[in-house]
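See below for final_28.cif, which holds mmCIF, C-alpha atoms and all ligand atoms.
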```cif
data_structure
loop_
_atom_site.label_atom_id
_atom_site.label_comp_id
_atom_site.auth_asym_id
_atom_site.auth_seq_id
_atom_site.Cartn_x
_atom_site.Cartn_y
_atom_site.Cartn_z
CA MET A 1 115.07 26.09 -21.33
CA LYS A 2 112.92 24.05 -23.69
CA LEU A 3 114.97 20.93 -22.92
CA ILE A 4 114.44 21.38 -19.16
CA HIS A 5 110.72 21.74 -19.77
CA THR A 6 110.61 18.58 -21.84
CA LEU A 7 112.60 16.66 -19.23
CA GLY A 8 110.26 17.87 -16.54
CA ALA A 9 107.23 16.71 -18.50
CA VAL A 10 108.82 13.32 -19.12
CA ALA A 11 109.62 12.90 -15.42
CA ALA A 12 106.08 13.87 -14.45
CA ALA A 13 104.62 11.41 -16.94
CA ALA A 14 106.87 8.64 -15.62
CA LEU A 15 105.79 9.38 -12.06
CA LEU A 16 102.15 9.22 -13.08
CA ALA A 17 102.61 5.96 -14.92
CA ALA A 18 104.14 4.41 -11.79
CA GLN A 19 100.89 5.01 -9.90
CA PRO A 20 97.94 2.63 -10.07
CA ALA A 21 95.04 3.64 -12.29
CA TRP A 22 92.77 4.65 -9.43
CA ALA A 23 95.38 6.99 -7.97
CA GLN A 24 95.94 8.71 -11.31
CA ALA A 25 92.28 9.46 -11.66
CA GLY A 26 91.71 10.00 -7.90
CA ALA A 27 89.04 7.35 -8.37
CA LYS A 28 86.65 6.40 -5.62
CA LEU A 29 86.80 2.98 -4.00
CA LYS A 30 83.76 1.05 -5.19
CA VAL A 31 82.10 -1.00 -2.45
CA GLY A 32 79.34 -3.39 -3.50
CA PHE A 33 76.77 -4.40 -0.90
CA MET A 34 75.17 -7.73 -1.69
CA LEU A 35 72.64 -8.18 1.08
CA PRO A 36 69.02 -9.22 1.64
CA TYR A 37 66.81 -6.13 1.45
CA THR A 38 63.62 -8.20 1.16
CA GLY A 39 62.40 -11.41 2.82
CA THR A 40 62.88 -12.92 6.27
CA TYR A 41 66.45 -11.50 6.59
CA ALA A 42 65.69 -7.95 5.29
CA ALA A 43 66.21 -6.28 8.69
CA LEU A 44 69.58 -8.01 9.02
CA GLY A 45 70.78 -6.68 5.66
CA ASN A 46 69.76 -3.15 6.55
CA ALA A 47 71.52 -3.29 9.92
CA ILE A 48 74.74 -4.50 8.26
CA GLU A 49 74.64 -1.66 5.73
CA ASN A 50 73.94 0.86 8.48
CA GLY A 51 76.87 -0.37 10.57
CA PHE A 52 79.23 -0.26 7.60
CA ARG A 53 78.17 3.25 6.64
CA LEU A 54 78.52 4.46 10.23
CA TYR A 55 82.20 3.47 10.38
CA VAL A 56 82.93 5.07 6.99
CA GLN A 57 81.11 8.22 8.10
CA GLU A 58 83.21 8.32 11.28
CA GLN A 59 86.32 8.28 9.04
CA GLY A 60 85.05 11.30 7.10
CA GLY A 61 83.69 9.23 4.21
CA ARG A 62 87.12 7.87 3.26
CA LEU A 63 89.18 4.77 3.96
CA ALA A 64 92.96 4.99 3.44
CA GLY A 65 92.40 8.37 1.81
CA ARG A 66 89.99 7.03 -0.81
CA GLU A 67 86.48 8.31 -1.06
CA ILE A 68 83.91 5.48 -1.01
CA GLU A 69 81.18 4.90 -3.56
CA PHE A 70 78.45 2.36 -2.82
CA VAL A 71 76.45 0.13 -5.14
CA LYS A 72 73.79 -2.34 -3.95
CA VAL A 73 72.22 -5.62 -4.97
CA ASP A 74 69.29 -7.27 -3.15
CA ASP A 75 70.16 -10.97 -2.96
CA GLU A 76 66.71 -11.90 -1.54
CA SER A 77 68.48 -14.69 0.45
CA ASP A 78 67.98 -16.77 -2.70
CA PRO A 79 70.88 -19.11 -3.53
CA SER A 80 69.47 -19.84 -7.00
CA LYS A 81 70.01 -16.17 -7.97
CA ALA A 82 73.31 -15.74 -6.13
CA THR A 83 75.78 -16.29 -8.97
CA ASP A 84 73.94 -13.87 -11.28
CA ASN A 85 73.66 -11.34 -8.49
CA VAL A 86 77.30 -11.41 -7.46
CA ASN A 87 78.36 -11.12 -11.12
CA LYS A 88 76.39 -7.88 -11.37
CA LEU A 89 78.86 -6.48 -8.85
CA ILE A 90 81.98 -8.18 -10.20
CA LYS A 91 81.46 -7.88 -13.96
CA ARG A 92 78.96 -5.08 -14.52
CA ASP A 93 79.87 -2.68 -11.70
CA GLN A 94 83.51 -3.80 -11.38
CA VAL A 95 83.56 -3.17 -7.64
CA ASP A 96 86.81 -3.13 -5.66
CA VAL A 97 85.31 -5.03 -2.74
CA ILE A 98 82.10 -6.94 -2.03
CA ILE A 99 80.40 -6.81 1.35
CA GLY A 100 77.95 -9.69 1.76
CA THR A 101 75.93 -11.53 2.76
CA VAL A 102 73.57 -12.88 5.43
CA HIS A 103 72.45 -16.27 4.03
CA SER A 104 75.01 -19.11 4.04
CA GLY A 105 73.84 -20.64 0.76
CA VAL A 106 74.15 -17.31 -1.04
CA ALA A 107 77.52 -16.65 0.59
CA MET A 108 78.98 -19.89 -0.74
CA ALA A 109 78.15 -18.90 -4.31
CA MET A 110 79.68 -15.47 -3.63
CA ALA A 111 82.86 -17.01 -2.23
CA LYS A 112 83.24 -19.17 -5.36
CA ALA A 113 82.84 -16.16 -7.67
CA ALA A 114 85.14 -14.00 -5.52
CA LYS A 115 87.82 -16.68 -5.51
CA GLU A 116 87.64 -17.22 -9.29
CA SER A 117 87.81 -13.49 -10.08
CA ASN A 118 90.18 -12.64 -7.20
CA THR A 119 87.74 -9.98 -5.96
CA LEU A 120 88.03 -8.91 -2.34
CA LEU A 121 85.11 -10.27 -0.27
CA ILE A 122 84.26 -9.51 3.35
CA VAL A 123 81.40 -11.58 4.73
CA PRO A 124 79.53 -9.53 7.38
CA ASN A 125 77.26 -12.34 8.62
CA ALA A 126 76.79 -15.66 6.79
CA GLY A 127 78.38 -18.36 8.91
CA ALA A 128 78.85 -21.05 6.21
CA ASP A 129 81.67 -23.15 7.63
CA ALA A 130 82.98 -23.78 4.09
CA VAL A 131 83.78 -20.08 3.50
CA THR A 132 86.57 -20.26 6.08
CA GLY A 133 87.01 -24.00 5.53
CA PRO A 134 87.47 -25.74 2.16
CA MET A 135 86.63 -22.52 0.23
CA CYS A 136 89.00 -20.28 2.19
CA ALA A 137 91.13 -17.92 0.08
CA PRO A 138 93.62 -15.08 0.53
CA ASN A 139 91.02 -12.53 -0.73
CA ILE A 140 88.09 -13.74 1.44
CA PHE A 141 87.47 -12.58 5.04
CA ARG A 142 84.70 -12.75 7.61
CA SER A 143 83.83 -10.09 10.22
CA SER A 144 81.15 -12.24 11.86
CA PHE A 145 81.39 -15.92 12.94
CA SER A 146 81.28 -19.45 11.56
CA ASN A 147 78.05 -21.39 12.11
CA TRP A 148 80.05 -23.78 14.25
CA GLN A 149 81.14 -21.09 16.76
CA PRO A 150 78.05 -19.89 18.71
CA ALA A 151 76.55 -23.38 18.43
CA TYR A 152 79.61 -25.04 19.94
CA ALA A 153 79.52 -22.54 22.81
CA MET A 154 75.87 -23.38 23.49
CA GLY A 155 76.56 -27.14 23.39
CA GLU A 156 79.00 -26.68 26.25
CA VAL A 157 76.62 -24.47 28.23
CA ALA A 158 73.64 -26.84 27.85
CA ALA A 159 75.68 -29.92 28.83
CA LYS A 160 77.16 -28.16 31.86
CA LYS A 161 73.65 -27.34 33.02
CA GLY A 162 73.15 -31.09 33.28
CA HIS A 163 70.83 -31.64 30.32
CA LYS A 164 71.21 -35.12 28.88
CA LYS A 165 68.78 -35.47 25.96
CA ALA A 166 68.22 -32.67 23.46
CA ILE A 167 66.16 -32.22 20.31
CA THR A 168 67.31 -29.76 17.66
CA ILE A 169 65.04 -27.82 15.32
CA THR A 170 66.10 -25.58 12.45
CA TRP A 171 65.83 -24.67 8.78
CA LYS A 172 67.24 -27.28 6.38
CA TYR A 173 70.15 -25.40 4.83
CA ALA A 174 73.85 -24.88 5.54
CA ALA A 175 73.40 -22.51 8.49
CA GLY A 176 70.87 -24.73 10.26
CA ASP A 177 72.74 -27.96 9.57
CA GLU A 178 76.11 -26.55 10.67
CA SER A 179 74.66 -24.89 13.75
CA VAL A 180 73.15 -28.20 14.85
CA ALA A 181 76.44 -29.99 14.12
CA GLY A 182 78.42 -27.49 16.26
CA PHE A 183 75.94 -27.83 19.13
CA LYS A 184 75.96 -31.63 18.91
CA GLU A 185 79.75 -31.78 18.88
CA ALA A 186 80.12 -29.88 22.16
CA PHE A 187 76.97 -31.27 23.81
CA GLU A 188 77.98 -34.89 23.20
CA LYS A 189 81.63 -34.27 24.11
CA ASN A 190 80.35 -33.05 27.48
CA GLY A 191 78.03 -35.97 28.20
CA GLY A 192 74.76 -35.05 26.43
CA GLN A 193 73.04 -36.66 23.49
CA VAL A 194 71.09 -35.21 20.57
CA VAL A 195 68.20 -37.65 20.25
CA LYS A 196 66.32 -36.12 17.32
CA GLN A 197 67.04 -33.51 14.63
CA LEU A 198 63.95 -31.74 13.28
CA ASN A 199 63.99 -29.58 10.15
CA LEU A 200 61.81 -27.56 7.82
CA PRO A 201 62.71 -25.85 4.55
CA PHE A 202 64.03 -22.26 4.61
CA PRO A 203 62.27 -19.85 5.11
CA ASN A 204 59.09 -21.73 6.12
CA VAL A 205 57.44 -20.93 9.45
CA GLU A 206 54.83 -23.69 9.79
CA PHE A 207 56.24 -24.99 13.08
CA GLN A 208 53.11 -26.59 14.56
CA ALA A 209 53.66 -30.25 13.63
CA LEU A 210 57.27 -30.11 14.81
CA LEU A 211 56.30 -28.47 18.11
CA THR A 212 53.76 -31.25 18.66
CA GLU A 213 56.54 -33.78 18.09
CA ILE A 214 58.78 -32.02 20.63
CA ALA A 215 55.97 -31.98 23.21
CA ALA A 216 55.42 -35.71 22.72
CA SER A 217 59.14 -36.56 22.95
CA LYS A 218 59.73 -34.57 26.17
CA PRO A 219 63.48 -33.96 25.78
CA ASP A 220 65.47 -32.21 28.58
CA ALA A 221 66.23 -29.31 26.24
CA VAL A 222 65.72 -27.95 22.73
CA TYR A 223 68.45 -26.28 20.67
CA THR A 224 67.57 -24.11 17.72
CA PHE A 225 68.92 -21.95 14.93
CA PHE A 226 66.45 -19.44 13.53
CA ALA A 227 66.98 -15.78 12.69
CA GLY A 228 65.15 -12.68 11.50
CA GLY A 229 61.42 -12.95 10.81
CA GLY A 230 61.44 -16.73 11.25
CA ALA A 231 62.98 -16.42 14.74
CA VAL A 232 60.21 -14.04 15.79
CA LYS A 233 57.54 -16.54 14.76
CA PHE A 234 59.33 -19.57 16.27
CA VAL A 235 59.78 -18.02 19.72
CA LYS A 236 56.15 -16.90 19.77
CA ASP A 237 54.87 -20.32 18.65
CA TYR A 238 57.06 -22.15 21.19
CA ALA A 239 55.54 -20.04 23.98
CA ALA A 240 52.01 -20.26 22.59
CA ALA A 241 52.30 -24.07 22.68
CA GLY A 242 53.22 -23.76 26.38
CA LEU A 243 56.60 -25.39 25.78
CA ASN A 244 58.53 -22.49 27.32
CA LYS A 245 57.09 -23.60 30.69
CA THR A 246 58.21 -27.23 30.38
CA ILE A 247 61.21 -27.65 28.06
CA PRO A 248 64.08 -25.12 28.14
CA LEU A 249 64.83 -23.60 24.73
CA TYR A 250 68.42 -22.67 23.85
CA GLY A 251 69.70 -21.07 20.71
CA ALA A 252 72.49 -19.46 18.83
CA GLY A 253 71.95 -15.79 19.72
CA PHE A 254 70.36 -14.92 16.37
CA LEU A 255 67.17 -16.36 17.85
CA THR A 256 66.71 -13.20 19.94
CA ASP A 257 68.93 -10.57 18.27
CA GLY A 258 67.16 -7.65 16.61
CA THR A 259 63.87 -9.47 17.31
CA LEU A 260 62.92 -8.71 20.92
CA GLU A 261 60.63 -5.82 20.08
CA ALA A 262 58.47 -8.25 18.07
CA GLN A 263 58.86 -11.31 20.36
CA GLY A 264 57.80 -9.49 23.54
CA ASP A 265 56.83 -11.70 26.48
CA ALA A 266 57.42 -14.94 24.56
CA ALA A 267 61.20 -14.38 24.63
CA GLN A 268 61.62 -13.52 28.32
CA GLY A 269 64.33 -15.53 30.07
CA LEU A 270 65.69 -17.24 26.93
CA LEU A 271 69.39 -18.14 27.07
CA THR A 272 71.52 -17.85 23.94
CA THR A 273 75.21 -17.65 23.05
CA LEU A 274 76.66 -15.03 20.73
CA HIS A 275 79.72 -12.85 20.10
CA TYR A 276 77.74 -9.76 21.09
CA ALA A 277 75.38 -8.85 23.92
CA ASP A 278 73.54 -5.94 25.51
CA GLY A 279 74.91 -4.37 28.65
CA LEU A 280 78.60 -4.89 27.86
CA ASN A 281 79.05 -1.34 29.13
CA THR A 282 82.54 -0.83 27.71
CA PRO A 283 83.57 2.64 26.50
CA ARG A 284 83.96 1.24 22.96
CA ASP A 285 80.51 -0.32 22.85
CA ASN A 286 78.83 2.63 24.53
CA ALA A 287 80.29 5.04 21.97
CA PHE A 288 79.23 2.78 19.10
CA ARG A 289 75.71 2.37 20.45
CA SER A 290 75.08 6.03 20.98
CA ALA A 291 76.49 6.95 17.54
CA TYR A 292 74.33 4.27 15.90
CA ALA A 293 71.19 5.29 17.77
CA LYS A 294 71.76 8.95 16.92
CA THR A 295 72.42 8.28 13.23
CA PHE A 296 69.69 5.74 12.49
CA LYS A 297 67.15 6.31 15.31
CA LEU A 298 67.44 2.57 16.02
CA GLN A 299 69.20 0.37 18.56
CA PRO A 300 72.11 -1.60 17.08
CA ASP A 301 72.24 -5.40 17.11
CA VAL A 302 74.84 -8.03 16.26
CA TYR A 303 74.31 -7.45 12.53
CA ALA A 304 75.06 -3.74 12.86
CA VAL A 305 78.27 -4.61 14.72
CA GLN A 306 79.32 -7.07 12.03
CA GLY A 307 78.75 -4.43 9.32
CA TYR A 308 80.69 -1.85 11.30
CA ASP A 309 83.57 -4.29 11.77
CA ALA A 310 83.58 -5.27 8.08
CA ALA A 311 84.33 -1.59 7.39
CA GLN A 312 86.99 -1.55 10.11
CA MET A 313 88.64 -4.62 8.59
CA LEU A 314 88.55 -3.06 5.13
CA GLY A 315 90.16 0.06 6.60
CA VAL A 316 92.99 -1.93 8.22
CA GLY A 317 93.74 -3.77 4.99
CA LEU A 318 93.52 -0.64 2.83
CA ASN A 319 95.81 1.34 5.12
CA ALA A 320 98.46 -1.35 4.76
CA VAL A 321 98.36 -1.15 0.95
CA LYS A 322 97.79 2.64 0.81
CA GLY A 323 94.42 2.12 -0.85
CA ASP A 324 95.67 -0.20 -3.59
CA VAL A 325 93.32 -3.22 -3.49
CA SER A 326 95.37 -5.08 -6.10
CA LYS A 327 97.93 -5.86 -3.37
CA LYS A 328 95.97 -8.80 -1.98
CA ALA A 329 98.87 -10.51 -0.18
CA GLU A 330 99.85 -7.39 1.78
CA PHE A 331 96.19 -6.66 2.51
CA ALA A 332 95.76 -10.15 4.00
CA ALA A 333 99.04 -10.01 5.91
CA ALA A 334 97.91 -6.84 7.70
CA LEU A 335 94.62 -8.40 8.76
CA ARG A 336 96.28 -11.56 10.04
CA VAL A 337 98.22 -9.56 12.64
CA ALA A 338 95.50 -6.98 13.37
CA LYS A 339 93.48 -6.57 16.52
CA ILE A 340 90.05 -5.26 15.55
CA ASP A 341 88.69 -2.78 18.07
CA SER A 342 85.11 -4.04 17.87
CA PRO A 343 82.12 -2.93 19.95
CA ARG A 344 81.77 -6.67 20.80
CA GLY A 345 85.26 -6.56 22.37
CA PRO A 346 88.62 -6.80 20.57
CA PHE A 347 89.09 -9.74 18.22
CA THR A 348 91.84 -11.16 16.01
CA ILE A 349 91.63 -12.87 12.62
CA ALA A 350 92.82 -16.45 12.34
CA LYS A 351 94.77 -18.01 9.47
CA ASN A 352 91.48 -19.08 7.86
CA HIS A 353 90.31 -15.39 8.02
CA ASN A 354 87.55 -16.00 10.60
CA PRO A 355 87.35 -13.98 13.86
CA VAL A 356 88.78 -15.47 17.06
CA GLN A 357 86.42 -14.06 19.65
CA ASP A 358 84.64 -14.43 22.99
CA PHE A 359 81.13 -15.90 23.15
CA TYR A 360 78.76 -14.42 25.70
CA LEU A 361 75.96 -16.26 27.44
CA ARG A 362 72.99 -13.90 27.21
CA LYS A 363 69.64 -13.87 28.96
CA VAL A 364 66.61 -12.03 27.60
CA GLU A 365 65.41 -9.39 30.05
CA GLY A 366 62.81 -7.00 28.67
CA LYS A 367 64.11 -5.76 25.32
CA GLU A 368 67.71 -6.76 25.99
CA ASN A 369 69.98 -9.77 25.52
CA LYS A 370 71.79 -9.09 28.79
CA SER A 371 75.29 -10.51 29.04
CA THR A 372 75.62 -12.91 31.98
CA GLY A 373 79.34 -13.28 31.24
CA ILE A 374 81.62 -15.04 28.80
CA ALA A 375 80.67 -18.66 28.02
CA VAL A 376 83.76 -19.48 25.95
CA LYS A 377 86.79 -17.22 25.67
CA ALA A 378 88.71 -16.62 22.41
CA LEU A 379 86.92 -19.36 20.53
CA ALA A 380 88.50 -20.08 17.13
CA ASP A 381 86.69 -21.89 14.34
CA PRO A 382 88.56 -25.14 13.63
CA GLY A 383 88.89 -24.14 9.95
CA ARG A 384 88.46 -27.73 8.84
CA GLY A 385 89.55 -28.19 5.23
CA CYS A 386 91.14 -24.73 4.84
CA ARG A 387 94.50 -24.83 3.07
CA MET A 388 96.23 -21.56 2.27
C1 LIG B 1 73.37 -17.85 7.74
O1 LIG B 1 72.64 -18.22 6.79
O2 LIG B 1 74.56 -18.14 7.80
C2 LIG B 1 72.78 -17.02 8.83
C3 LIG B 1 71.64 -16.28 8.61
C4 LIG B 1 71.13 -15.47 9.62
C5 LIG B 1 71.79 -15.42 10.85
C6 LIG B 1 72.93 -16.16 11.07
C7 LIG B 1 73.44 -16.98 10.06
O3 LIG B 1 71.31 -14.63 11.81
#
```

Would you mind writing the file out in structure tokens?
Ligand code: PHB
Amino acid sequence: MKLIHTLGAVAAAALLAAQPAWAQAGAKLKVGFMLPYTGTYAALGNAIENGFRLYVQEQGGRLAGREIEFVKVDDESDPSKATDNVNKLIKRDQVDVIIGTVHSGVAMAMAKAAKESNTLLIVPNAGADAVTGPMCAPNIFRSSFSNWQPAYAMGEVAAKKGHKKAITITWKYAAGDESVAGFKEAFEKNGGQVVKQLNLPFPNVEFQALLTEIAASKPDAVYTFFAGGGAVKFVKDYAAAGLNKTIPLYGAGFLTDGTLEAQGDAAQGLLTTLHYADGLNTPRDNAFRSAYAKTFKLQPDVYAVQGYDAAQMLGVGLNAVKGDVSKKAEFAAALRVAKIDSPRGPFTIAKNHNPVQDFYLRKVEGKENKSTGIAVKALADPGRGCRM
């Protein structure tokens, strides 16, 4: 009898030892949000967190059977603090996965730290081309876009409208530079020419001198990347200078996403390209929008969708590895064949771990970025420099 008991205990101990540490303890899955909660991108960070939490809540607070615990760091969209900030999550909090961030410069420092420590990273906004280019890695994914993508779509649209000479204006950092490069590539391939590239430091909003220069140059069109608080100010200043009556303004859709309440009349009629739009009127998007509005008493925007889809992607990967985040190769393999059922419309994940998705041409009508249809279907980032 005693022998049977001992054998039983030995077998039970062996079984326990075969399980990963988190399963033995029934430990929660630690998710670290590294997002801007202050500064020009604060609203974007909050929308991403809301979207992520909504999906987890819809799954009963668990992904792949694991309860989720959240920790947060405000990255202030400050690249000079990014390495310290991401190490708070990696080293101090020892998170299982990092969700972040909005700003491309901060995201590049995060990608470097995630790659070196082999920590799972899902980028829910920042478009830095390098993250799914030269810095791509098996443990790094994006639920949003590359800076090249919406810009390339707009370059095609603007050229096909017959515009020949364009001026670009943006913040001087990775997102602005890469957005302009994507626009220029498509615009010039289709017969247009970018005649001048104007910049100001991030997150400055003293646009007046640059607007005067645009007025004097009289291009056929202006292309811009601005987002958040800066986008609100730019659209208002462009209209206040009377330029909206004379020189058509085009942008990556961030220019008017989550900002229309504050931009009001100044934004009416603006055309932008983005992987999300109002008025899609699909059952999937309608369900998402009403759940979001009910939960947060707010209308969702592209950032909320990207946060929601970061959680969906985490769920797909975790299901494949039964909650064991140490199995990075299996986690990645599942995502590479997945179809993500996004409110934006279904998307797949390319070899460089960036979404392959449709880009809508949107027109501002009242408080909405109304879809006028798809500008470019299933657009994949070229993934230049990604080897894995
Ligand atoms: C970026 O820095 O990559 C960025 C920031 C805000 C946006 C889009 C891209 O809305």

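The list of residues with at least one atom within 9 Å of A:Pro138, based on only C-alpha atoms and without residues fewer than 2 positions apart in the same chain, reads Lys115, Asn118, Leu120, Cys136, Ile140, Phe141, Lys328, Ala329, Ala332, Asn352, His353 and Met388 of chain A.
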
query: Once you count all atoms listed in the file, which residues end up within 10 Å of ligand LIG 1 (chain B), and could you hand them over as a VMD selection string?
result: chain A and resid 40 to 41 44 to 45 77 101 to 108 123 to 129 144 to 147 150 171 173 to 176 178 to 179 202 225 to 228 230 to 231 252 to 258 302 to 303

query: atom CA of A:Lys161 and atom CA of A:Thr259 are how many Å apart?
result: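 Separation between atom CA of A:Lys161 and atom CA of A:Thr259: 25.7 Å.
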
field: Option closest in space to A:Leu89, from A:Gly32, A:Lys184, A:Glu116, A:Ala209 [counting only C-alpha atoms]
entry: A:Gly32

- line: A straight line from atom CA of A:Gly373 to atom CA of A:Val235 spans 23.2 Å
